[in-house]
>>> print(open('structure30.cif').read())   # mmCIF, C-alpha atoms
data_model
#
loop_
_atom_site.label_atom_id
_atom_site.label_comp_id
_atom_site.auth_asym_id
_atom_site.auth_seq_id
_atom_site.Cartn_x
_atom_site.Cartn_y
_atom_site.Cartn_z
CA MET A 30 -4.78 3.38 3.10
CA GLY A 31 -7.68 1.41 1.60
CA PRO A 32 -11.03 2.84 0.56
CA THR A 33 -13.58 3.82 3.18
CA LEU A 34 -16.53 1.44 3.05
CA THR A 35 -19.99 1.92 4.49
CA SER A 36 -21.82 -0.79 6.42
CA VAL A 37 -18.99 -3.31 6.13
CA ALA A 38 -18.48 -6.38 8.24
CA SER A 39 -15.56 -6.83 10.60
CA ALA A 40 -13.87 -9.98 11.80
CA SER A 41 -15.53 -9.51 15.18
CA SER A 42 -18.99 -9.13 13.62
CA ILE A 43 -18.68 -12.43 11.75
CA ALA A 44 -19.67 -15.19 14.16
CA ASN A 45 -16.76 -17.43 13.21
CA TRP A 46 -14.09 -15.84 11.04
CA ALA A 47 -12.03 -19.03 11.10
CA SER A 48 -14.99 -20.92 9.65
CA TYR A 49 -15.44 -18.19 7.04
CA LEU A 50 -11.80 -18.61 5.99
CA ASP A 51 -12.20 -22.38 5.77
CA ASN A 52 -15.23 -22.00 3.49
CA TRP A 53 -13.42 -19.43 1.34
CA LYS A 54 -10.41 -21.71 0.95
CA ALA A 55 -12.63 -24.68 0.08
CA ALA A 56 -14.37 -22.64 -2.61
CA ARG A 57 -11.00 -21.59 -4.02
CA GLN A 58 -9.77 -25.19 -4.11
CA ALA A 59 -12.95 -26.32 -5.87
CA LYS A 60 -12.47 -23.64 -8.57
CA GLU A 61 -8.84 -24.63 -9.07
CA GLN A 62 -9.78 -28.29 -9.38
CA GLN A 63 -12.46 -27.38 -11.91
CA ARG A 64 -9.86 -25.57 -14.02
CA ARG A 65 -7.71 -28.68 -14.13
CA ASP A 66 -10.53 -30.92 -15.34
CA PRO A 67 -9.44 -32.57 -18.64
CA TYR A 68 -12.88 -31.73 -20.00
CA GLY A 69 -13.04 -28.25 -18.49
CA PHE A 70 -12.89 -24.94 -20.33
CA LEU A 71 -9.09 -25.02 -20.62
CA SER A 72 -9.70 -27.81 -23.14
CA TYR A 73 -11.81 -25.73 -25.52
CA ALA A 74 -10.03 -26.18 -28.86
CA GLY A 75 -12.08 -23.94 -31.14
CA PHE A 76 -14.98 -21.53 -31.54
CA HIS A 77 -17.28 -21.94 -34.54
CA LYS A 78 -20.46 -20.13 -35.50
CA LEU A 79 -23.12 -22.21 -37.24
CA GLY A 80 -25.23 -20.82 -40.07
CA ALA A 81 -27.65 -21.96 -42.75
CA ALA A 82 -24.93 -23.33 -45.06
CA LEU A 83 -23.16 -26.62 -44.38
CA VAL A 84 -19.57 -25.88 -43.30
CA SER A 85 -16.63 -28.10 -42.35
CA PHE A 86 -14.36 -27.24 -39.42
CA GLU A 87 -10.80 -28.47 -39.02
CA GLY A 88 -10.55 -31.49 -36.73
CA ILE A 89 -14.33 -31.93 -36.39
CA PRO A 90 -16.19 -34.67 -38.32
CA GLY A 91 -18.83 -33.71 -40.86
CA ARG A 92 -20.31 -30.53 -42.21
CA TRP A 93 -22.45 -28.44 -39.85
CA SER A 94 -25.36 -26.05 -40.20
CA THR A 95 -28.24 -24.75 -38.13
CA GLY A 96 -31.77 -23.47 -38.57
CA ALA A 97 -35.16 -23.27 -36.86
CA GLY A 98 -35.07 -27.00 -36.19
CA GLY A 99 -31.68 -26.82 -34.46
CA PRO A 100 -28.11 -27.71 -35.46
CA GLN A 101 -27.51 -30.45 -38.00
CA VAL A 102 -24.45 -32.44 -39.07
CA GLN A 103 -23.88 -34.25 -42.35
CA LEU A 104 -21.17 -36.87 -41.86
CA PHE A 105 -18.96 -38.23 -44.60
CA PRO A 106 -19.18 -42.01 -45.27
CA THR A 107 -16.12 -42.86 -43.15
CA GLU A 108 -17.16 -40.68 -40.20
CA LYS A 109 -19.26 -41.32 -37.13
CA LEU A 110 -20.25 -39.63 -33.88
CA LEU A 111 -21.52 -40.92 -30.56
CA VAL A 112 -24.76 -39.16 -29.59
CA GLU A 113 -26.52 -40.08 -26.35
CA GLY A 114 -24.70 -43.40 -26.32
CA GLN A 115 -25.69 -44.27 -29.89
CA VAL A 116 -23.40 -44.40 -32.94
CA VAL A 117 -24.53 -41.90 -35.57
CA THR A 118 -23.60 -41.99 -39.26
CA GLY A 119 -24.94 -40.07 -42.25
CA SER A 120 -26.90 -37.03 -41.05
CA HIS A 121 -28.17 -36.12 -37.61
CA GLN A 122 -30.54 -33.43 -36.44
CA PHE A 123 -29.94 -32.00 -32.95
CA ALA A 124 -32.72 -30.38 -30.93
CA PRO A 125 -32.77 -26.55 -30.87
CA VAL A 126 -30.31 -25.00 -28.43
CA ALA A 127 -31.56 -22.67 -25.71
CA GLU A 128 -29.90 -19.31 -25.03
CA ARG A 129 -26.93 -19.72 -22.64
CA GLU A 130 -27.25 -23.52 -22.76
CA PHE A 131 -24.08 -25.63 -22.67
CA ARG A 132 -24.87 -28.99 -24.27
CA ARG A 133 -22.30 -31.74 -24.57
CA ALA A 134 -24.03 -33.00 -27.66
CA ALA A 135 -21.71 -35.61 -29.18
CA TYR A 136 -18.39 -37.44 -28.91
CA ALA A 137 -15.85 -37.74 -31.71
CA GLY A 138 -13.44 -40.21 -30.13
CA ASP A 139 -12.15 -38.50 -26.98
CA VAL A 140 -13.34 -35.07 -28.13
CA ILE A 141 -16.65 -33.68 -26.87
CA LEU A 142 -18.59 -31.50 -29.30
CA GLU A 143 -20.40 -28.83 -27.32
CA LEU A 144 -23.38 -26.91 -28.69
CA SER A 145 -24.37 -23.61 -27.16
CA LYS A 146 -26.23 -20.42 -28.03
CA ARG A 147 -25.14 -16.87 -27.31
CA GLY A 148 -27.03 -13.81 -28.51
CA GLY A 149 -29.20 -16.02 -30.70
CA GLN A 150 -26.13 -17.48 -32.44
CA ASP A 151 -25.65 -21.26 -32.40
CA LEU A 152 -22.05 -22.20 -31.59
CA LEU A 153 -19.98 -25.36 -31.86
CA ARG A 154 -16.91 -25.83 -29.66
CA PRO A 155 -14.73 -28.96 -29.43
CA ILE A 156 -13.54 -29.89 -25.94
CA ASP A 157 -10.32 -31.79 -26.58
CA PRO A 158 -8.38 -33.13 -23.55
CA ALA A 159 -5.25 -33.60 -25.70
CA PHE A 160 -5.35 -29.90 -26.66
CA GLY A 161 -6.21 -28.94 -23.08
CA ARG A 162 -3.34 -30.92 -21.62
CA LEU A 163 -0.91 -28.35 -22.98
CA LEU A 164 -2.70 -25.52 -21.17
CA ILE A 165 -3.41 -27.54 -18.03
CA ASP A 166 0.26 -28.52 -17.77
CA ALA A 167 1.22 -24.86 -18.21
CA TYR A 168 -1.43 -23.60 -15.78
CA ASP A 169 0.07 -22.82 -12.39
CA HIS A 170 -2.68 -21.22 -10.33
CA THR A 171 -4.99 -18.26 -9.99
CA PRO A 172 -3.80 -15.99 -7.18
CA ALA A 173 -6.28 -14.12 -5.05
CA TYR A 174 -6.22 -11.31 -2.56
CA ASP A 175 -6.31 -12.47 1.05
CA PRO A 176 -9.90 -12.38 2.31
CA ASP A 177 -10.64 -9.30 4.34
CA PRO A 178 -13.90 -8.52 6.18
CA ARG A 179 -13.74 -4.90 5.01
CA TRP A 180 -14.71 -6.15 1.55
CA ILE A 181 -17.98 -7.58 2.78
CA VAL A 182 -20.21 -4.65 1.92
CA GLU A 183 -23.86 -4.16 2.77
CA GLY A 184 -25.76 -2.57 -0.09
CA GLN A 185 -29.40 -1.90 -0.87
CA PHE A 186 -31.17 -3.87 -3.58
CA LEU A 187 -33.55 -1.85 -5.75
CA PRO A 188 -35.59 -4.26 -7.90
CA PHE A 189 -37.07 -3.34 -11.25
CA GLY A 190 -40.82 -3.67 -11.68
CA SER A 191 -40.15 -6.43 -14.20
CA VAL A 192 -37.02 -8.14 -15.45
CA ARG A 193 -35.29 -6.17 -18.20
CA PRO A 194 -33.69 -7.92 -21.17
CA THR A 195 -30.32 -6.17 -21.39
CA PRO A 196 -27.90 -6.39 -24.34
CA ILE A 197 -24.28 -7.02 -23.33
CA ASP A 198 -21.43 -7.38 -25.82
CA ALA A 199 -19.26 -10.50 -25.78
CA THR A 200 -15.48 -10.87 -25.65
CA ILE A 201 -15.26 -12.52 -29.08
CA GLY A 202 -17.38 -13.35 -32.09
CA ASP A 203 -19.33 -10.11 -32.58
CA ILE A 204 -22.00 -11.58 -30.31
CA VAL A 205 -24.44 -9.56 -28.23
CA HIS A 206 -25.75 -11.42 -25.20
CA THR A 207 -29.21 -10.69 -23.87
CA HIS A 208 -29.14 -11.03 -20.09
CA LEU A 209 -31.99 -10.44 -17.67
CA ALA A 210 -31.45 -7.52 -15.29
CA VAL A 211 -33.53 -7.77 -12.11
CA GLY A 212 -32.48 -4.55 -10.42
CA GLU A 213 -29.59 -2.53 -9.04
CA VAL A 214 -27.53 -2.75 -5.88
CA VAL A 215 -26.54 0.60 -4.36
CA PHE A 216 -23.70 1.09 -1.86
CA THR A 217 -21.04 3.64 -0.98
CA LEU A 218 -17.25 3.52 -1.32
CA ASP A 219 -15.02 6.45 -0.38
CA GLY A 220 -18.11 8.59 0.03
CA ALA A 221 -19.22 7.97 -3.56
CA GLU A 222 -22.41 6.13 -4.42
CA GLN A 223 -21.95 3.00 -6.53
CA ARG A 224 -24.92 1.64 -8.49
CA LEU A 225 -24.42 -1.74 -10.17
CA LEU A 226 -26.75 -3.73 -12.39
CA VAL A 227 -27.67 -7.23 -11.17
CA ILE A 228 -28.29 -9.86 -13.86
CA THR A 229 -29.76 -13.30 -13.38
CA ARG A 230 -30.66 -16.52 -15.14
CA ASP A 231 -33.50 -17.18 -17.55
CA GLY A 232 -36.89 -17.76 -15.98
CA GLN A 233 -36.44 -15.23 -13.18
CA ARG A 234 -39.58 -13.30 -12.31
CA ALA A 235 -39.91 -9.95 -10.59
CA GLY A 236 -40.75 -10.17 -6.91
CA VAL A 237 -38.94 -13.48 -6.40
CA ALA A 238 -35.63 -13.91 -4.56
CA GLY A 239 -32.82 -15.55 -6.52
CA LEU A 240 -29.17 -15.89 -7.42
CA GLY A 241 -27.60 -13.27 -9.61
CA THR A 242 -24.32 -11.93 -10.92
CA VAL A 243 -22.71 -8.52 -10.83
CA LEU A 244 -20.24 -7.96 -13.68
CA PHE A 245 -18.04 -5.02 -12.76
CA LYS A 246 -14.85 -3.10 -13.39
CA ASP A 247 -12.73 -1.33 -10.80
CA GLY A 248 -9.31 0.19 -10.28
CA THR A 249 -7.48 -3.17 -10.33
CA ASN A 250 -8.40 -4.05 -13.94
CA GLY A 251 -5.36 -4.38 -16.17
CA LEU A 252 -3.04 -4.28 -13.17
CA THR A 253 -3.72 -7.35 -11.05
CA THR A 254 -7.05 -8.46 -12.54
CA ASP A 255 -8.69 -9.10 -15.91
CA PRO A 256 -8.66 -5.86 -17.94
CA GLN A 257 -12.18 -6.55 -19.24
CA GLY A 258 -13.90 -7.03 -15.90
CA ARG A 259 -14.76 -9.33 -13.04
CA SER A 260 -17.75 -11.32 -11.78
CA LEU A 261 -19.37 -11.49 -8.34
CA PRO A 262 -22.15 -13.94 -7.44
CA VAL A 263 -24.91 -12.46 -5.26
CA SER A 264 -28.15 -13.51 -3.63
CA PHE A 265 -30.86 -10.89 -4.05
CA PRO A 266 -34.11 -10.57 -2.05
CA ALA A 267 -37.64 -10.71 -3.43
CA GLU A 268 -38.24 -7.03 -2.65
CA ALA A 269 -36.22 -3.91 -1.97
CA GLY A 270 -33.89 -4.49 0.94
CA PRO A 271 -30.36 -5.29 2.09
CA LEU A 272 -28.04 -7.17 -0.26
CA THR A 273 -24.59 -8.32 0.83
CA LEU A 274 -21.71 -7.97 -1.62
CA ASP A 275 -18.87 -10.24 -0.51
CA PHE A 276 -16.11 -9.10 -2.83
CA ASN A 277 -13.78 -11.75 -1.38
CA TYR A 278 -15.67 -14.16 -3.66
CA THR A 279 -15.07 -12.13 -6.84
CA GLN A 280 -14.27 -14.52 -9.69
CA ASN A 281 -12.70 -14.55 -13.11
CA LEU A 282 -14.79 -15.35 -16.14
CA GLN A 283 -13.42 -17.89 -18.63
CA ARG A 284 -11.73 -15.36 -20.92
CA PRO A 285 -8.36 -15.05 -19.06
CA TYR A 286 -7.92 -18.81 -19.54
CA THR A 287 -9.09 -19.54 -23.09
CA ALA A 288 -9.37 -17.74 -26.41
CA PHE A 289 -12.58 -19.61 -27.18
CA ALA A 290 -15.04 -18.15 -24.64
CA PRO A 291 -17.58 -15.48 -25.71
CA CYS A 292 -17.87 -14.10 -22.17
CA PRO A 293 -20.09 -11.10 -21.52
CA LEU A 294 -18.29 -7.79 -21.11
CA THR A 295 -19.03 -5.42 -18.26
CA PRO A 296 -22.17 -3.27 -18.60
CA ALA A 297 -21.21 0.38 -19.02
CA GLN A 298 -22.75 1.48 -15.70
CA ASN A 299 -20.96 -1.20 -13.65
CA THR A 300 -17.69 0.64 -13.07
CA VAL A 301 -16.68 1.03 -9.44
CA THR A 302 -14.69 4.19 -8.72
CA VAL A 303 -12.08 2.55 -6.44
CA ALA A 304 -9.73 -0.44 -6.59
CA ILE A 305 -11.44 -3.45 -5.03
CA GLU A 306 -8.47 -5.46 -3.82
CA ALA A 307 -10.43 -8.64 -3.20
CA GLY A 308 -11.11 -11.89 -4.99
CA GLU A 309 -9.33 -13.59 -7.88
CA GLN A 310 -6.48 -12.02 -9.80
CA LEU A 311 -5.05 -12.82 -13.24
CA PRO A 312 -4.12 -16.49 -13.69
CA VAL A 313 -0.48 -17.59 -13.82
CA PHE A 314 0.71 -19.77 -16.71
CA ASN A 315 4.25 -21.16 -16.86
CA ARG A 316 4.95 -20.76 -20.57
#
>>> encode(input="structure30.cif", output="structure tokens")
Amino acid sequence: MGPTLTSVASASSIANWASYLDNWKAARQAKEQQRRDPYGFLSYAGFHKLGAALVSFEGIPGRWSTGAGGPQVQLFPTEKLLVEGQVVTGSHQFAPVAEREFRRAAYAGDVILELSKRGGQDLLRPIDPAFGRLLIDAYDHTPAYDPDPRWIVEGQFLPFGSVRPTPIDATIGDIVHTHLAVGEVVFTLDGAEQRLLVITRDGQRAGVAGLGTVLFKDGTNGLTTDPQGRSLPVSFPAEAGPLTLDFNYTQNLQRPYTAFAPCPLTPAQNTVTVAIEAGEQLPVFNR
């Protein structure tokens, strides 16, 4: 017997359940295709922190550092990079990296050198399709629970008076993310109130509707789903009011697929007291 949900949808209350299923399947197929992209996150081949001192990294041209002016590379005489379509030799100064930016900053042959920033720390990650091919060939699929209207839950969004910078630890690298929390969504499962933090992208202002994310844990973690948590995209209103949580669209973060992703962990308060048997499960690799 599954958990008792309050204010849930039913197949009959959804105008066209067949259309809903088609959209859900299309979204699943798009995610699977994305995971098989030769330049997707399965092709991350390293994770390197940049600091003030020039440092070399195996398989990556040059010596790298960063500072107030942004990341910099000092190439050896026989080395070159392709930056914005131009061949670069000697030294090159990159523009400062914004928090949570993913910048495909340079090419070294077929390898993309990605610059990003997490928790104020500049990072360098090579995206190598030759390295990724091994994982992509081994990757089978990401199973998911069958969509069920009982997991479409109507909650109540309670916005904060202003966005709250919220520290969240990362999976790797001793990094602390700073995400913007816009409010909480409150709903009931099995008679127990659940209150989950909603985070959103940079630039979000209080009193404005937007797209957010709920990072959460539940009773499936470590059994059928990622032990460290799951992610659900949401649309939140400008003011206090209804907010739909469609747990059928719960997604994995990058960490079950690659060792080189500093994904945010689940905020302490975002633990649901039941097993939410909806959305993506642990990926399957044939290796």
>>> closest_residue(input="structure30.cif", among="A:Thr200, A:Thr242, A:Thr302, A:Thr229", to="Thr217 of chain A", atoms="all atoms listed in the file")
A:Thr302
>>> resolve_selection(input="structure30.cif", expression="the PyMOL selection byres ((chain A and resi 58-64) around 12)", output="ChimeraX atom specification")
/A:51-57,65-73,161-162,164-173,278-283,285-287,309,312-313
>>> resolve_selection(input="structure30.cif", expression="the PyMOL selection byres ((chain A and resi 293) around 8)", output="MDAnalysis selection string")
chainID A and resid 197:200 206 291:292 294:295
>>> resolve_selection(input="structure30.cif", expression="the PyMOL selection byres ((chain A and resi 186) around 10)", output="JSON, numbers by chain")
{"A": [183, 184, 185, 187, 188, 189, 211, 212, 213, 214, 215, 216, 224, 225, 226, 227, 265, 266, 267, 268, 269, 270, 271, 272, 273]}
>>> closest_atom_pairs(input="structure30.cif", of="segment 154-250 of chain A", to="segment 76-86 of chain A", cutoff="12 Å", atoms="only C-alpha atoms", output="tab-separated table")
residue	atom	partner	partner_atom	distance
A:Arg154	CA	A:Phe76	CA	5.1
A:Pro155	CA	A:Phe76	CA	7.7
A:Ile156	CA	A:Phe76	CA	10.2
A:Ile201	CA	A:Phe76	CA	9.3
A:Gly202	CA	A:Lys78	CA	8.2
A:Asp203	CA	A:Lys78	CA	10.5
A:Ile204	CA	A:Lys78	CA	10.1
>>> atom_distance(input="structure30.cif", atom1="atom CA of Arg92 of chain A", atom2="atom CA of Ala288 of chain A")
23.1 Å
>>> atom_distance(input="structure30.cif", atom1="atom CA of Phe289 of chain A", atom2="atom CA of Leu152 of chain A")
10.8 Å
